[in-house]
Each structure stands twice: as C-alpha cells, then as structure tokens.
file my_file13.pdb (PDB, C-alpha atoms and all ligand atoms)
ATOM      1  CA  MET A   1       2.305 -10.236  10.278  1.00  0.00           C
ATOM      2  CA  ILE A   2       4.330  -7.034  10.004  1.00  0.00           C
ATOM      3  CA  VAL A   3       6.729  -6.225  12.827  1.00  0.00           C
ATOM      4  CA  LEU A   4       9.000  -3.213  13.114  1.00  0.00           C
ATOM      5  CA  GLU A   5      11.491  -3.522  15.945  1.00  0.00           C
ATOM      6  CA  ASN A   6      13.090  -0.296  17.027  1.00  0.00           C
ATOM      7  CA  VAL A   7      13.458   0.867  13.432  1.00  0.00           C
ATOM      8  CA  SER A   8      15.301   4.054  12.574  1.00  0.00           C
ATOM      9  CA  LYS A   9      16.081   5.384   9.128  1.00  0.00           C
ATOM     10  CA  GLU A  10      18.645   8.057   8.529  1.00  0.00           C
ATOM     11  CA  TYR A  11      19.229   9.048   4.920  1.00  0.00           C
ATOM     12  CA  LYS A  12      22.710   9.838   3.610  1.00  0.00           C
ATOM     13  CA  ASN A  13      22.034  13.572   3.933  1.00  0.00           C
ATOM     14  CA  GLY A  14      21.581  13.138   7.690  1.00  0.00           C
ATOM     15  CA  VAL A  15      17.783  13.402   7.718  1.00  0.00           C
ATOM     16  CA  HIS A  16      16.220  11.146  10.363  1.00  0.00           C
ATOM     17  CA  ALA A  17      13.090  10.001   8.556  1.00  0.00           C
ATOM     18  CA  LEU A  18      12.057   7.398  11.149  1.00  0.00           C
ATOM     19  CA  ARG A  19      13.097   7.131  14.768  1.00  0.00           C
ATOM     20  CA  ASN A  20      12.760   4.123  17.076  1.00  0.00           C
ATOM     21  CA  VAL A  21       9.597   2.866  15.448  1.00  0.00           C
ATOM     22  CA  ASN A  22       8.000  -0.162  17.095  1.00  0.00           C
ATOM     23  CA  LEU A  23       4.930  -1.507  15.397  1.00  0.00           C
ATOM     24  CA  THR A  24       3.009  -4.739  14.971  1.00  0.00           C
ATOM     25  CA  ILE A  25       0.327  -5.175  12.331  1.00  0.00           C
ATOM     26  CA  GLU A  26      -1.552  -8.467  12.362  1.00  0.00           C
ATOM     27  CA  ASP A  27      -2.634 -10.343   9.243  1.00  0.00           C
ATOM     28  CA  ALA A  28      -5.765  -8.925   7.602  1.00  0.00           C
ATOM     29  CA  GLU A  29      -5.703  -5.687   9.611  1.00  0.00           C
ATOM     30  CA  PHE A  30      -6.709  -2.436   7.892  1.00  0.00           C
ATOM     31  CA  VAL A  31      -4.567   0.449   9.090  1.00  0.00           C
ATOM     32  CA  TYR A  32      -4.372   4.136   8.205  1.00  0.00           C
ATOM     33  CA  VAL A  33      -0.990   5.841   8.331  1.00  0.00           C
ATOM     34  CA  ILE A  34      -1.326   9.594   8.774  1.00  0.00           C
ATOM     35  CA  GLY A  35       1.016  12.481   9.453  1.00  0.00           C
ATOM     36  CA  PRO A  36       2.161  15.799   8.041  1.00  0.00           C
ATOM     37  CA  THR A  37       4.389  16.054   5.010  1.00  0.00           C
ATOM     38  CA  GLY A  38       7.909  14.843   5.736  1.00  0.00           C
ATOM     39  CA  SER A  39       6.839  12.832   8.796  1.00  0.00           C
ATOM     40  CA  GLY A  40       8.146   9.520   7.405  1.00  0.00           C
ATOM     41  CA  LYS A  41       5.115   7.855   5.811  1.00  0.00           C
ATOM     42  CA  SER A  42       6.761   7.126   2.449  1.00  0.00           C
ATOM     43  CA  THR A  43       9.906   5.981   4.217  1.00  0.00           C
ATOM     44  CA  LEU A  44       7.832   3.465   6.170  1.00  0.00           C
ATOM     45  CA  ILE A  45       6.387   2.143   2.887  1.00  0.00           C
ATOM     46  CA  LYS A  46       9.842   1.943   1.301  1.00  0.00           C
ATOM     47  CA  LEU A  47      11.160  -0.058   4.236  1.00  0.00           C
ATOM     48  CA  LEU A  48       8.244  -2.466   3.892  1.00  0.00           C
ATOM     49  CA  ASP A  49       8.658  -3.035   0.158  1.00  0.00           C
ATOM     50  CA  GLY A  50      12.429  -3.337   0.357  1.00  0.00           C
ATOM     51  CA  GLU A  51      13.212  -0.127  -1.527  1.00  0.00           C
ATOM     52  CA  GLU A  52      15.136   1.202   1.476  1.00  0.00           C
ATOM     53  CA  ILE A  53      16.843  -0.605   4.334  1.00  0.00           C
ATOM     54  CA  PRO A  54      16.662   0.493   7.959  1.00  0.00           C
ATOM     55  CA  SER A  55      19.722   2.202   9.478  1.00  0.00           C
ATOM     56  CA  SER A  56      18.994   0.238  12.646  1.00  0.00           C
ATOM     57  CA  GLY A  57      16.335  -2.140  13.892  1.00  0.00           C
ATOM     58  CA  ARG A  58      14.464  -4.835  11.998  1.00  0.00           C
ATOM     59  CA  VAL A  59      11.556  -4.871   9.565  1.00  0.00           C
ATOM     60  CA  LEU A  60       9.899  -8.292   9.512  1.00  0.00           C
ATOM     61  CA  VAL A  61       7.141  -9.210   7.089  1.00  0.00           C
ATOM     62  CA  ASP A  62       5.917 -12.749   7.652  1.00  0.00           C
ATOM     63  CA  ASP A  63       9.222 -13.489   9.369  1.00  0.00           C
ATOM     64  CA  VAL A  64      11.252 -12.211   6.405  1.00  0.00           C
ATOM     65  CA  ASP A  65      13.863  -9.719   7.590  1.00  0.00           C
ATOM     66  CA  VAL A  66      13.303  -7.259   4.738  1.00  0.00           C
ATOM     67  CA  GLY A  67      16.394  -5.155   5.419  1.00  0.00           C
ATOM     68  CA  LYS A  68      18.606  -8.257   5.155  1.00  0.00           C
ATOM     69  CA  LEU A  69      17.261  -9.473   1.807  1.00  0.00           C
ATOM     70  CA  LYS A  70      19.883  -9.977  -0.889  1.00  0.00           C
ATOM     71  CA  HIS A  71      19.368  -7.571  -3.802  1.00  0.00           C
ATOM     72  CA  ALA A  72      18.402 -10.402  -6.147  1.00  0.00           C
ATOM     73  CA  LYS A  73      15.733 -11.643  -3.728  1.00  0.00           C
ATOM     74  CA  VAL A  74      13.897  -8.305  -3.450  1.00  0.00           C
ATOM     75  CA  PRO A  75      11.724  -8.748  -6.593  1.00  0.00           C
ATOM     76  CA  ILE A  76      10.583 -12.169  -5.365  1.00  0.00           C
ATOM     77  CA  TYR A  77       9.817 -10.760  -1.924  1.00  0.00           C
ATOM     78  CA  ARG A  78       7.843  -7.910  -3.527  1.00  0.00           C
ATOM     79  CA  ARG A  79       5.312 -10.384  -4.887  1.00  0.00           C
ATOM     80  CA  ASN A  80       3.910 -10.417  -1.351  1.00  0.00           C
ATOM     81  CA  ILE A  81       3.367  -6.681  -1.427  1.00  0.00           C
ATOM     82  CA  GLY A  82       0.945  -4.857  -3.696  1.00  0.00           C
ATOM     83  CA  VAL A  83       1.406  -1.116  -3.973  1.00  0.00           C
ATOM     84  CA  VAL A  84      -1.071   1.469  -5.250  1.00  0.00           C
ATOM     85  CA  PHE A  85      -0.229   5.146  -5.740  1.00  0.00           C
ATOM     86  CA  GLN A  86      -2.482   8.137  -6.207  1.00  0.00           C
ATOM     87  CA  ASP A  87      -1.293   8.707  -9.782  1.00  0.00           C
ATOM     88  CA  PHE A  88      -2.631   5.541 -11.284  1.00  0.00           C
ATOM     89  CA  ARG A  89       0.374   4.373 -13.372  1.00  0.00           C
ATOM     90  CA  LEU A  90      -1.482   1.978 -15.658  1.00  0.00           C
ATOM     91  CA  LEU A  91       0.263   1.057 -18.897  1.00  0.00           C
ATOM     92  CA  PRO A  92      -1.507   3.238 -21.495  1.00  0.00           C
ATOM     93  CA  SER A  93      -1.081   0.899 -24.465  1.00  0.00           C
ATOM     94  CA  MET A  94      -2.698  -2.058 -22.697  1.00  0.00           C
ATOM     95  CA  THR A  95      -6.369  -2.683 -21.970  1.00  0.00           C
ATOM     96  CA  VAL A  96      -7.619  -3.057 -18.403  1.00  0.00           C
ATOM     97  CA  PHE A  97      -7.575  -6.842 -18.809  1.00  0.00           C
ATOM     98  CA  GLU A  98      -4.018  -6.761 -20.174  1.00  0.00           C
ATOM     99  CA  ASN A  99      -2.798  -4.409 -17.445  1.00  0.00           C
ATOM    100  CA  ILE A 100      -3.980  -6.820 -14.756  1.00  0.00           C
ATOM    101  CA  ALA A 101      -2.818  -9.896 -16.693  1.00  0.00           C
ATOM    102  CA  PHE A 102       0.608  -8.337 -17.174  1.00  0.00           C
ATOM    103  CA  ALA A 103       1.255  -8.335 -13.415  1.00  0.00           C
ATOM    104  CA  MET A 104       0.639 -12.090 -13.448  1.00  0.00           C
ATOM    105  CA  GLU A 105       2.669 -12.753 -16.596  1.00  0.00           C
ATOM    106  CA  CYS A 106       5.612 -11.054 -14.889  1.00  0.00           C
ATOM    107  CA  VAL A 107       5.610 -13.719 -12.186  1.00  0.00           C
ATOM    108  CA  GLY A 108       5.259 -16.560 -14.688  1.00  0.00           C
ATOM    109  CA  GLU A 109       1.617 -17.549 -14.091  1.00  0.00           C
ATOM    110  CA  SER A 110       0.006 -19.891 -16.614  1.00  0.00           C
ATOM    111  CA  LYS A 111      -2.422 -18.500 -19.207  1.00  0.00           C
ATOM    112  CA  VAL A 112      -5.302 -20.482 -17.702  1.00  0.00           C
ATOM    113  CA  ASN A 113      -4.675 -19.132 -14.199  1.00  0.00           C
ATOM    114  CA  ILE A 114      -4.264 -15.623 -15.536  1.00  0.00           C
ATOM    115  CA  ARG A 115      -7.566 -15.683 -17.414  1.00  0.00           C
ATOM    116  CA  LYS A 116      -9.417 -17.052 -14.391  1.00  0.00           C
ATOM    117  CA  ARG A 117      -7.912 -14.673 -11.864  1.00  0.00           C
ATOM    118  CA  VAL A 118      -8.204 -11.558 -14.059  1.00  0.00           C
ATOM    119  CA  ARG A 119     -11.929 -12.258 -14.503  1.00  0.00           C
ATOM    120  CA  GLU A 120     -12.276 -12.685 -10.748  1.00  0.00           C
ATOM    121  CA  VAL A 121     -10.358  -9.464 -10.060  1.00  0.00           C
ATOM    122  CA  LEU A 122     -12.370  -7.501 -12.643  1.00  0.00           C
ATOM    123  CA  GLU A 123     -15.526  -8.654 -10.888  1.00  0.00           C
ATOM    124  CA  LEU A 124     -14.112  -7.645  -7.486  1.00  0.00           C
ATOM    125  CA  VAL A 125     -13.177  -4.150  -8.684  1.00  0.00           C
ATOM    126  CA  SER A 126     -16.479  -3.816 -10.629  1.00  0.00           C
ATOM    127  CA  LEU A 127     -14.806  -3.399 -14.004  1.00  0.00           C
ATOM    128  CA  SER A 128     -15.945  -6.539 -15.828  1.00  0.00           C
ATOM    129  CA  ASP A 129     -17.609  -4.372 -18.464  1.00  0.00           C
ATOM    130  CA  LYS A 130     -14.382  -2.388 -19.019  1.00  0.00           C
ATOM    131  CA  ALA A 131     -12.033  -5.320 -19.606  1.00  0.00           C
ATOM    132  CA  LYS A 132     -11.317  -4.232 -23.168  1.00  0.00           C
ATOM    133  CA  ALA A 133     -11.113  -0.501 -22.454  1.00  0.00           C
ATOM    134  CA  PHE A 134      -7.812   1.383 -22.462  1.00  0.00           C
ATOM    135  CA  PRO A 135      -6.873   3.480 -19.391  1.00  0.00           C
ATOM    136  CA  SER A 136      -7.527   6.720 -21.305  1.00  0.00           C
ATOM    137  CA  GLU A 137     -11.121   5.597 -21.796  1.00  0.00           C
ATOM    138  CA  LEU A 138     -11.737   5.297 -18.047  1.00  0.00           C
ATOM    139  CA  SER A 139     -12.694   7.842 -15.405  1.00  0.00           C
ATOM    140  CA  GLY A 140     -10.233   8.587 -12.595  1.00  0.00           C
ATOM    141  CA  GLY A 141     -12.134   6.352 -10.179  1.00  0.00           C
ATOM    142  CA  GLN A 142     -12.216   3.503 -12.699  1.00  0.00           C
ATOM    143  CA  GLN A 143      -8.496   3.881 -13.377  1.00  0.00           C
ATOM    144  CA  GLN A 144      -7.798   3.698  -9.666  1.00  0.00           C
ATOM    145  CA  ARG A 145      -9.952   0.564  -9.381  1.00  0.00           C
ATOM    146  CA  ALA A 146      -7.993  -0.982 -12.267  1.00  0.00           C
ATOM    147  CA  THR A 147      -4.716  -0.145 -10.512  1.00  0.00           C
ATOM    148  CA  ILE A 148      -5.967  -1.770  -7.342  1.00  0.00           C
ATOM    149  CA  GLY A 149      -7.017  -4.804  -9.396  1.00  0.00           C
ATOM    150  CA  ARG A 150      -3.536  -5.030 -10.838  1.00  0.00           C
ATOM    151  CA  ALA A 151      -1.978  -4.704  -7.375  1.00  0.00           C
ATOM    152  CA  ILE A 152      -4.004  -7.610  -5.959  1.00  0.00           C
ATOM    153  CA  ALA A 153      -3.831  -9.908  -9.016  1.00  0.00           C
ATOM    154  CA  ASN A 154      -1.056 -12.013  -7.488  1.00  0.00           C
ATOM    155  CA  ARG A 155      -2.874 -12.200  -4.129  1.00  0.00           C
ATOM    156  CA  PRO A 156      -0.323 -10.224  -2.133  1.00  0.00           C
ATOM    157  CA  LYS A 157      -0.517 -10.656   1.618  1.00  0.00           C
ATOM    158  CA  VAL A 158      -0.103  -6.917   2.085  1.00  0.00           C
ATOM    159  CA  LEU A 159      -1.565  -4.083   0.046  1.00  0.00           C
ATOM    160  CA  ILE A 160      -0.037  -0.667   0.517  1.00  0.00           C
ATOM    161  CA  ALA A 161      -2.125   2.177  -0.796  1.00  0.00           C
ATOM    162  CA  ASP A 162      -0.316   5.530  -0.866  1.00  0.00           C
ATOM    163  CA  GLU A 163      -2.967   8.267  -0.979  1.00  0.00           C
ATOM    164  CA  PRO A 164      -5.255   6.148  -3.161  1.00  0.00           C
ATOM    165  CA  THR A 165      -8.034   8.738  -2.983  1.00  0.00           C
ATOM    166  CA  GLY A 166      -5.727  11.736  -3.378  1.00  0.00           C
ATOM    167  CA  ASN A 167      -6.900  12.625  -6.886  1.00  0.00           C
ATOM    168  CA  LEU A 168     -10.565  11.696  -6.501  1.00  0.00           C
ATOM    169  CA  ASP A 169     -13.708  13.548  -5.476  1.00  0.00           C
ATOM    170  CA  PRO A 170     -15.416  12.512  -2.202  1.00  0.00           C
ATOM    171  CA  GLU A 171     -17.954  10.222  -3.871  1.00  0.00           C
ATOM    172  CA  LYS A 172     -15.297   8.324  -5.826  1.00  0.00           C
ATOM    173  CA  SER A 173     -13.093   8.220  -2.737  1.00  0.00           C
ATOM    174  CA  ILE A 174     -15.825   6.388  -0.832  1.00  0.00           C
ATOM    175  CA  GLU A 175     -16.095   3.910  -3.721  1.00  0.00           C
ATOM    176  CA  ILE A 176     -12.365   3.215  -3.473  1.00  0.00           C
ATOM    177  CA  MET A 177     -12.646   2.799   0.291  1.00  0.00           C
ATOM    178  CA  GLU A 178     -15.493   0.328  -0.110  1.00  0.00           C
ATOM    179  CA  LEU A 179     -13.364  -1.590  -2.576  1.00  0.00           C
ATOM    180  CA  LEU A 180     -10.380  -1.676  -0.211  1.00  0.00           C
ATOM    181  CA  GLU A 181     -12.675  -2.878   2.579  1.00  0.00           C
ATOM    182  CA  ARG A 182     -14.028  -5.612   0.302  1.00  0.00           C
ATOM    183  CA  ILE A 183     -10.479  -6.752  -0.560  1.00  0.00           C
ATOM    184  CA  ASN A 184      -9.571  -6.709   3.128  1.00  0.00           C
ATOM    185  CA  GLU A 185     -12.584  -8.858   4.000  1.00  0.00           C
ATOM    186  CA  GLU A 186     -12.815 -11.202   1.012  1.00  0.00           C
ATOM    187  CA  GLU A 187      -9.127 -11.768   0.275  1.00  0.00           C
ATOM    188  CA  HIS A 188      -7.909 -11.278   3.883  1.00  0.00           C
ATOM    189  CA  THR A 189      -5.303  -8.848   2.598  1.00  0.00           C
ATOM    190  CA  THR A 190      -3.541  -6.696   5.183  1.00  0.00           C
ATOM    191  CA  ILE A 191      -4.046  -3.090   4.116  1.00  0.00           C
ATOM    192  CA  LEU A 192      -1.886  -0.103   4.977  1.00  0.00           C
ATOM    193  CA  MET A 193      -3.322   3.082   3.635  1.00  0.00           C
ATOM    194  CA  VAL A 194      -1.398   6.339   3.755  1.00  0.00           C
ATOM    195  CA  THR A 195      -3.821   9.238   3.675  1.00  0.00           C
ATOM    196  CA  HIS A 196      -4.227  12.951   4.288  1.00  0.00           C
ATOM    197  CA  ASP A 197      -7.980  12.625   3.966  1.00  0.00           C
ATOM    198  CA  SER A 198      -9.303  13.378   7.450  1.00  0.00           C
ATOM    199  CA  THR A 199     -12.903  12.993   6.254  1.00  0.00           C
ATOM    200  CA  ILE A 200     -12.252   9.341   5.418  1.00  0.00           C
ATOM    201  CA  VAL A 201     -10.247   8.702   8.593  1.00  0.00           C
ATOM    202  CA  ASN A 202     -13.020  10.207  10.731  1.00  0.00           C
ATOM    203  CA  LYS A 203     -15.874   8.565   8.869  1.00  0.00           C
ATOM    204  CA  LEU A 204     -14.584   5.035   8.286  1.00  0.00           C
ATOM    205  CA  LYS A 205     -12.927   4.396  11.610  1.00  0.00           C
ATOM    206  CA  LYS A 206      -9.960   2.063  11.605  1.00  0.00           C
ATOM    207  CA  ARG A 207      -6.707   1.630  13.454  1.00  0.00           C
ATOM    208  CA  THR A 208      -4.747   4.805  12.778  1.00  0.00           C
ATOM    209  CA  ILE A 209      -1.014   5.235  13.149  1.00  0.00           C
ATOM    210  CA  ALA A 210       0.134   8.840  13.312  1.00  0.00           C
ATOM    211  CA  LEU A 211       3.705   9.829  12.468  1.00  0.00           C
ATOM    212  CA  GLU A 212       5.390  13.086  13.329  1.00  0.00           C
ATOM    213  CA  GLU A 213       9.023  13.882  12.614  1.00  0.00           C
ATOM    214  CA  GLY A 214       9.747  10.193  12.264  1.00  0.00           C
ATOM    215  CA  TYR A 215       8.132   9.152  15.545  1.00  0.00           C
ATOM    216  CA  ILE A 216       4.905   7.250  16.025  1.00  0.00           C
ATOM    217  CA  VAL A 217       2.992   9.782  18.102  1.00  0.00           C
ATOM    218  CA  ALA A 218      -0.271   7.859  18.283  1.00  0.00           C
ATOM    219  CA  ASP A 219      -1.621   4.421  17.510  1.00  0.00           C
ATOM    220  CA  ILE A 220      -5.367   4.643  17.784  1.00  0.00           C
ATOM    221  CA  MET A 221      -7.701   1.676  17.549  1.00  0.00           C
ATOM    222  CA  LYS A 222     -11.047   2.890  16.177  1.00  0.00           C
ATOM    223  CA  GLY A 223     -11.262   5.855  18.498  1.00  0.00           C
ATOM    224  CA  GLY A 224      -9.410   4.738  21.640  1.00  0.00           C
ATOM    225  CA  TYR A 225      -5.732   5.393  22.237  1.00  0.00           C
ATOM    226  CA  LEU A 226      -3.632   2.247  22.337  1.00  0.00           C
ATOM    227  CA  GLN A 227      -0.212   3.795  22.648  1.00  0.00           C
ATOM    228  CA  HIS A 228       1.185   7.259  22.929  1.00  0.00           C
ATOM    229  CA  ASP A 229       4.874   8.011  23.084  1.00  0.00           C
TER     230      ASP A 229
HETATM  231  N1  LIG A 301      15.922   9.546  -0.499  1.00  0.00           N
HETATM  232  C1  LIG A 301      15.972  10.486   0.462  1.00  0.00           C
HETATM  233  N2  LIG A 301      17.150  11.091   0.750  1.00  0.00           N
HETATM  234  C2  LIG A 301      17.205  12.008   1.726  1.00  0.00           C
HETATM  235  N3  LIG A 301      16.167  12.423   2.481  1.00  0.00           N
HETATM  236  C3  LIG A 301      14.984  11.858   2.223  1.00  0.00           C
HETATM  237  C4  LIG A 301      14.810  10.876   1.202  1.00  0.00           C
HETATM  238  N4  LIG A 301      13.510  10.512   1.178  1.00  0.00           N
HETATM  239  C5  LIG A 301      12.892  11.230   2.140  1.00  0.00           C
HETATM  240  N5  LIG A 301      13.769  12.034   2.766  1.00  0.00           N
HETATM  241  C6  LIG A 301      13.479  12.937   3.904  1.00  0.00           C
HETATM  242  O1  LIG A 301      12.985  12.124   4.965  1.00  0.00           O
HETATM  243  C7  LIG A 301      11.918  12.781   5.654  1.00  0.00           C
HETATM  244  C8  LIG A 301      10.690  11.889   5.601  1.00  0.00           C
HETATM  245  O2  LIG A 301      10.258  11.811   4.242  1.00  0.00           O
HETATM  246  P1  LIG A 301       9.036  10.921   3.746  1.00  0.00           P
HETATM  247  O3  LIG A 301       9.024  10.991   2.265  1.00  0.00           O
HETATM  248  O4  LIG A 301       9.111   9.589   4.380  1.00  0.00           O
HETATM  249  O5  LIG A 301       7.792  11.745   4.353  1.00  0.00           O
HETATM  250  P2  LIG A 301       6.223  11.638   4.060  1.00  0.00           P
HETATM  251  O6  LIG A 301       5.558  11.622   5.393  1.00  0.00           O
HETATM  252  O7  LIG A 301       5.962  10.511   3.143  1.00  0.00           O
HETATM  253  O8  LIG A 301       5.913  13.011   3.329  1.00  0.00           O
HETATM  254  P3  LIG A 301       4.777  13.366   2.224  1.00  0.00           P
HETATM  255  O9  LIG A 301       3.461  13.399   2.953  1.00  0.00           O
HETATM  256  O10 LIG A 301       5.187  14.729   1.766  1.00  0.00           O
HETATM  257  O11 LIG A 301       4.856  12.322   1.150  1.00  0.00           O
HETATM  258  C9  LIG A 301      11.748  14.135   4.975  1.00  0.00           C
HETATM  259  O12 LIG A 301      12.454  15.088   5.714  1.00  0.00           O
HETATM  260  C10 LIG A 301      12.380  13.924   3.614  1.00  0.00           C
HETATM  261  O13 LIG A 301      12.882  15.132   3.095  1.00  0.00           O
END
call {"tool": "encode", "arguments": {"input": "my_file13.pdb", "output": "structure tokens", "more": "lines below"}}
Ligand SMILES: Nc1ncnc2c1ncn2[C@@H]1O[C@H](COP(=O)(O)OP(=O)(O)OP(=O)(O)O)[C@@H](O)[C@H]1O
result
Amino acid sequence: MIVLENVSKEYKNGVHALRNVNLTIEDAEFVYVIGPTGSGKSTLIKLLDGEEIPSSGRVLVDDVDVGKLKHAKVPIYRRNIGVVFQDFRLLPSMTVFENIAFAMECVGESKVNIRKRVREVLELVSLSDKAKAFPSELSGGQQQRATIGRAIANRPKVLIADEPTGNLDPEKSIEIMELLERINEEEHTTILMVTHDSTIVNKLKKRTIALEEGYIVADIMKGGYLQHD
C-alpha cells in the first residue's frame, strides 16, 4: 500500500512542487496521475522512488518511510519499484533478452531463475520471438514493451509508468495499455501511470488523480468524484 500523509515538497529554489498531499493507493490498484506541466507529477514519482525526500509529511510504501531511508538503503528499496519512461532507455549493445536479464543480474539472481523469469516476461510482453533482437531492430512499441518487461523482471510491487505512451501512435498506445492491464491483473502489480493522453484516460476508465500547482484537485474513481479539495 502507498500512503502519502500531508506531504509537501519545496525545492531549494523555493518552488512548492507538492502541497499537503494526502493519498492512499491500495495494492494492485491501477491509477492515472494527470495534470498540466509543472503540476508536480514527476515530483510525486521521485518521492515514491526515493530520488527526492519530502520537505514535510510522510511517504510510506508498504510501511517503509521512504523519506527516512538511509542513502545506502535506497537501491535496495528501489527493487520494489519498477519505473518506465517514455524514452525507452534500453541498453543498445544488449539484446532484448540480455536487457531484461541484466535487471535481474544487478540484484544477484541466479542464472537459472533469470532464464526462467526472462522467458516468462518475454511471453507476457509478447516479445518471445524478439529475444535475440537488439533495441535498434525493434519498433517503438516493441521497445516500450521490452522496457516494461525489464521494469517488471524483479516482480516489483509498484510499477510507475511516466508517459509510457508519449512517443507512440494511438494503436500502439492501446497495446501498451493492454499490457499494463495484463501486468496489473496477472502479477498484481500496483500501477501508477502519469499521462497527458486524455483519449486513454477517457476510454480506459480508472481511478484518476489530478494535480494542479502541487495540490490534488480531484481523485476520481472511474467516473465518480471521490474527493475534491
Ligand atoms: N529539482 C528541482 N529543483 C527545483 N525546482 C524543481 C525541480 N524539479 C521540479 N521543479 C519544479 O517543481 C514544479 C513541479 O515540477 P514537476 O517536474 O514535478 O512537474 P510535472 O507535473 O512532472 O511537469 P511535466 O508534465 O512538465 O513533467 C515545477 O514548477 C518545476 O519547475
């Protein structure tokens, strides 16, 4: 479970990126985070993955107080969080298989486990036939699926997708959404998806958290307002 208790974030330059944010996200929820540029979406992600610490309030992920983590503990904590960006960031000199395996090697998984899980992940992201391909040999949609595969290889409890469809055409975007839904259902991964894509938000209705100037201005559960402050 993710809990933000009265979280505010003020950067050193005095910008208030988040203000008094209270939020609870249950395990295996699928949530959109929307809002105009500069409204605090990336800051929210950075607080969740331990890149930034709150100026006040608490960020709890499965009872871990993320803002209080010792520097050395952050990489271990991050194993619980998979992150996907719109610009795919695969390692160009590694095949799809190796890119996904690499994420598991980094956390010290055994070769046997890696081989088994990578095959499973490739199946899940529909890239079994591209295991030996290099990123440059894949389409944008395939590269994004490979990135998602890499992000879930270590079975993170939470997957954060920052504009995962930002560089894709509508058809490929739907494919990515279907994949994220499959991961949410089959692996019970909590998914937070930052998006500007109103077509997706309106078509595939999910809980939607709207930020404006650092405030949560709406928290909408599939069409009905839950909170408004
Ligand atoms: N490291 C930083 N130092 C100072 N100010 C920052 C920093 N990061 C973000 N900000 C400021 O905090 C506010 C919120 O930024 P944030 O990146 O969270 O917004 P966003 O909603 O993700 O925007 P976008 O949609 O453009 O990615 C903005 O005013 C931004 O300029």
call {"tool": "closest_atom_pairs", "arguments": {"input": "my_file13.pdb", "of": "chain A", "to": "ligand LIG 301 (chain A)", "cutoff": "8 Å", "atoms": "all atoms listed in the file", "output": "CSV"}}
result
residue,atom,partner,partner_atom,distance
A:Glu10,CA,A:LIG301,O1,7.8
A:Tyr11,CA,A:LIG301,C2,4.8
A:Lys12,CA,A:LIG301,C2,6.2
A:Asn13,CA,A:LIG301,C2,5.5
A:Gly14,CA,A:LIG301,C2,7.5
A:Val15,CA,A:LIG301,N3,5.6
A:His16,CA,A:LIG301,O1,6.4
A:Ala17,CA,A:LIG301,O1,4.2
A:Leu18,CA,A:LIG301,C8,7.3
A:Ile34,CA,A:LIG301,O6,7.9
A:Gly35,CA,A:LIG301,O6,6.2
A:Pro36,CA,A:LIG301,O9,5.8
A:Thr37,CA,A:LIG301,O9,3.5
A:Gly38,CA,A:LIG301,O5,3.4
A:Ser39,CA,A:LIG301,O6,3.8
A:Gly40,CA,A:LIG301,O4,3.2
A:Lys41,CA,A:LIG301,O6,3.8
A:Ser42,CA,A:LIG301,O7,3.5
A:Thr43,CA,A:LIG301,O4,3.7
A:Leu44,CA,A:LIG301,O4,6.5
A:His196,CA,A:LIG301,O9,7.8
A:Leu211,CA,A:LIG301,O6,7.5
A:Glu213,CA,A:LIG301,C8,7.5
A:Gly214,CA,A:LIG301,C8,6.9
call {"tool": "atom_distance", "arguments": {"input": "my_file13.pdb", "atom1": "atom CA of Asn22 of chain A", "atom2": "atom CA of Val7 of chain A"}}
result
6.7 Å
call {"tool": "closest_residue", "arguments": {"input": "my_file13.pdb", "among": "A:Arg79, A:Glu137, A:Glu123, A:Val74", "to": "Thr95 of chain A", "atoms": "all atoms listed in the file"}}
result
A:Glu137
call {"tool": "residues_around", "arguments": {"input": "my_file13.pdb", "residues": "segment 151-167 of chain A", "least_positions_apart": "2", "cutoff": "6 Å", "atoms": "all atoms listed in the file", "output": "PDB file with C-alpha atoms, in the frame of the given file"}}
result
ATOM      1  CA  ASN A  80       3.910 -10.417  -1.351  1.00  0.00           C
ATOM      2  CA  ILE A  81       3.367  -6.681  -1.427  1.00  0.00           C
ATOM      3  CA  GLY A  82       0.945  -4.857  -3.696  1.00  0.00           C
ATOM      4  CA  VAL A  83       1.406  -1.116  -3.973  1.00  0.00           C
ATOM      5  CA  VAL A  84      -1.071   1.469  -5.250  1.00  0.00           C
ATOM      6  CA  PHE A  85      -0.229   5.146  -5.740  1.00  0.00           C
ATOM      7  CA  GLN A  86      -2.482   8.137  -6.207  1.00  0.00           C
ATOM      8  CA  ILE A 148      -5.967  -1.770  -7.342  1.00  0.00           C
ATOM      9  CA  GLY A 149      -7.017  -4.804  -9.396  1.00  0.00           C
ATOM     10  CA  SER A 173     -13.093   8.220  -2.737  1.00  0.00           C
ATOM     11  CA  THR A 189      -5.303  -8.848   2.598  1.00  0.00           C
ATOM     12  CA  THR A 190      -3.541  -6.696   5.183  1.00  0.00           C
ATOM     13  CA  ILE A 191      -4.046  -3.090   4.116  1.00  0.00           C
ATOM     14  CA  LEU A 192      -1.886  -0.103   4.977  1.00  0.00           C
ATOM     15  CA  MET A 193      -3.322   3.082   3.635  1.00  0.00           C
ATOM     16  CA  VAL A 194      -1.398   6.339   3.755  1.00  0.00           C
ATOM     17  CA  THR A 195      -3.821   9.238   3.675  1.00  0.00           C
TER      18      THR A 195
END
call {"tool": "closest_residue", "arguments": {"input": "my_file13.pdb", "among": "A:Leu168, A:Ile25, A:Ile183, A:Leu138", "to": "Arg207 of chain A", "atoms": "only C-alpha atoms"}}
result
A:Ile25
call {"tool": "closest_residue", "arguments": {"input": "my_file13.pdb", "among": "A:Ile176, A:Ala133, A:Ala101, A:Leu23", "to": "Val3 of chain A", "atoms": "only C-alpha atoms"}}
result
A:Leu23
call {"tool": "atom_distance", "arguments": {"input": "my_file13.pdb", "atom1": "atom CA of Lys205 of chain A", "atom2": "atom CA of Asp169 of chain A"}}
result
19.4 Å
call {"tool": "closest_residue", "arguments": {"input": "my_file13.pdb", "among": "A:Gln143, A:Pro170, A:Val96, A:Ala218", "to": "Ser198 of chain A", "atoms": "all atoms listed in the file"}}
result
A:Pro170
call {"tool": "atom_distance", "arguments": {"input": "my_file13.pdb", "atom1": "atom CA of Leu60 of chain A", "atom2": "atom CA of Glu5 of chain A"}}
result
8.2 Å
call {"tool": "closest_residue", "arguments": {"input": "my_file13.pdb", "among": "A:Tyr215, A:Pro92, A:Ala28, A:Ile100", "to": "Lys9 of chain A", "atoms": "only C-alpha atoms"}}
result
A:Tyr215
call {"tool": "residues_around", "arguments": {"input": "my_file13.pdb", "residues": "Ile2 of chain A", "least_positions_apart": "2", "cutoff": "9 Å", "atoms": "all atoms listed in the file", "output": "count of residues only"}}
result
12
call {"tool": "resolve_selection", "arguments": {"input": "my_file13.pdb", "expression": "the PyMOL selection byres (((chain A and resi 179) around 9) and not hetatm)", "output": "list in words"}}
result
Leu124, Val125, Ser126, Arg145, Ile148, Ile174, Glu175, Ile176, Met177, Glu178, Leu180, Glu181, Arg182, Ile183 and Asn184 of chain A
call {"tool": "closest_residue", "arguments": {"input": "my_file13.pdb", "among": "A:Phe134, A:Tyr77, A:Phe30, A:Phe102", "to": "Val118 of chain A", "atoms": "all atoms listed in the file"}}
result
A:Phe102
call {"tool": "residues_around", "arguments": {"input": "my_file13.pdb", "residues": "Ser8 of chain A", "least_positions_apart": "5", "cutoff": "8 Å", "atoms": "only C-alpha atoms", "output": "JSON, numbers by chain"}}
result
{"A": [16, 17, 18, 19, 20, 21, 54, 55, 56, 57]}
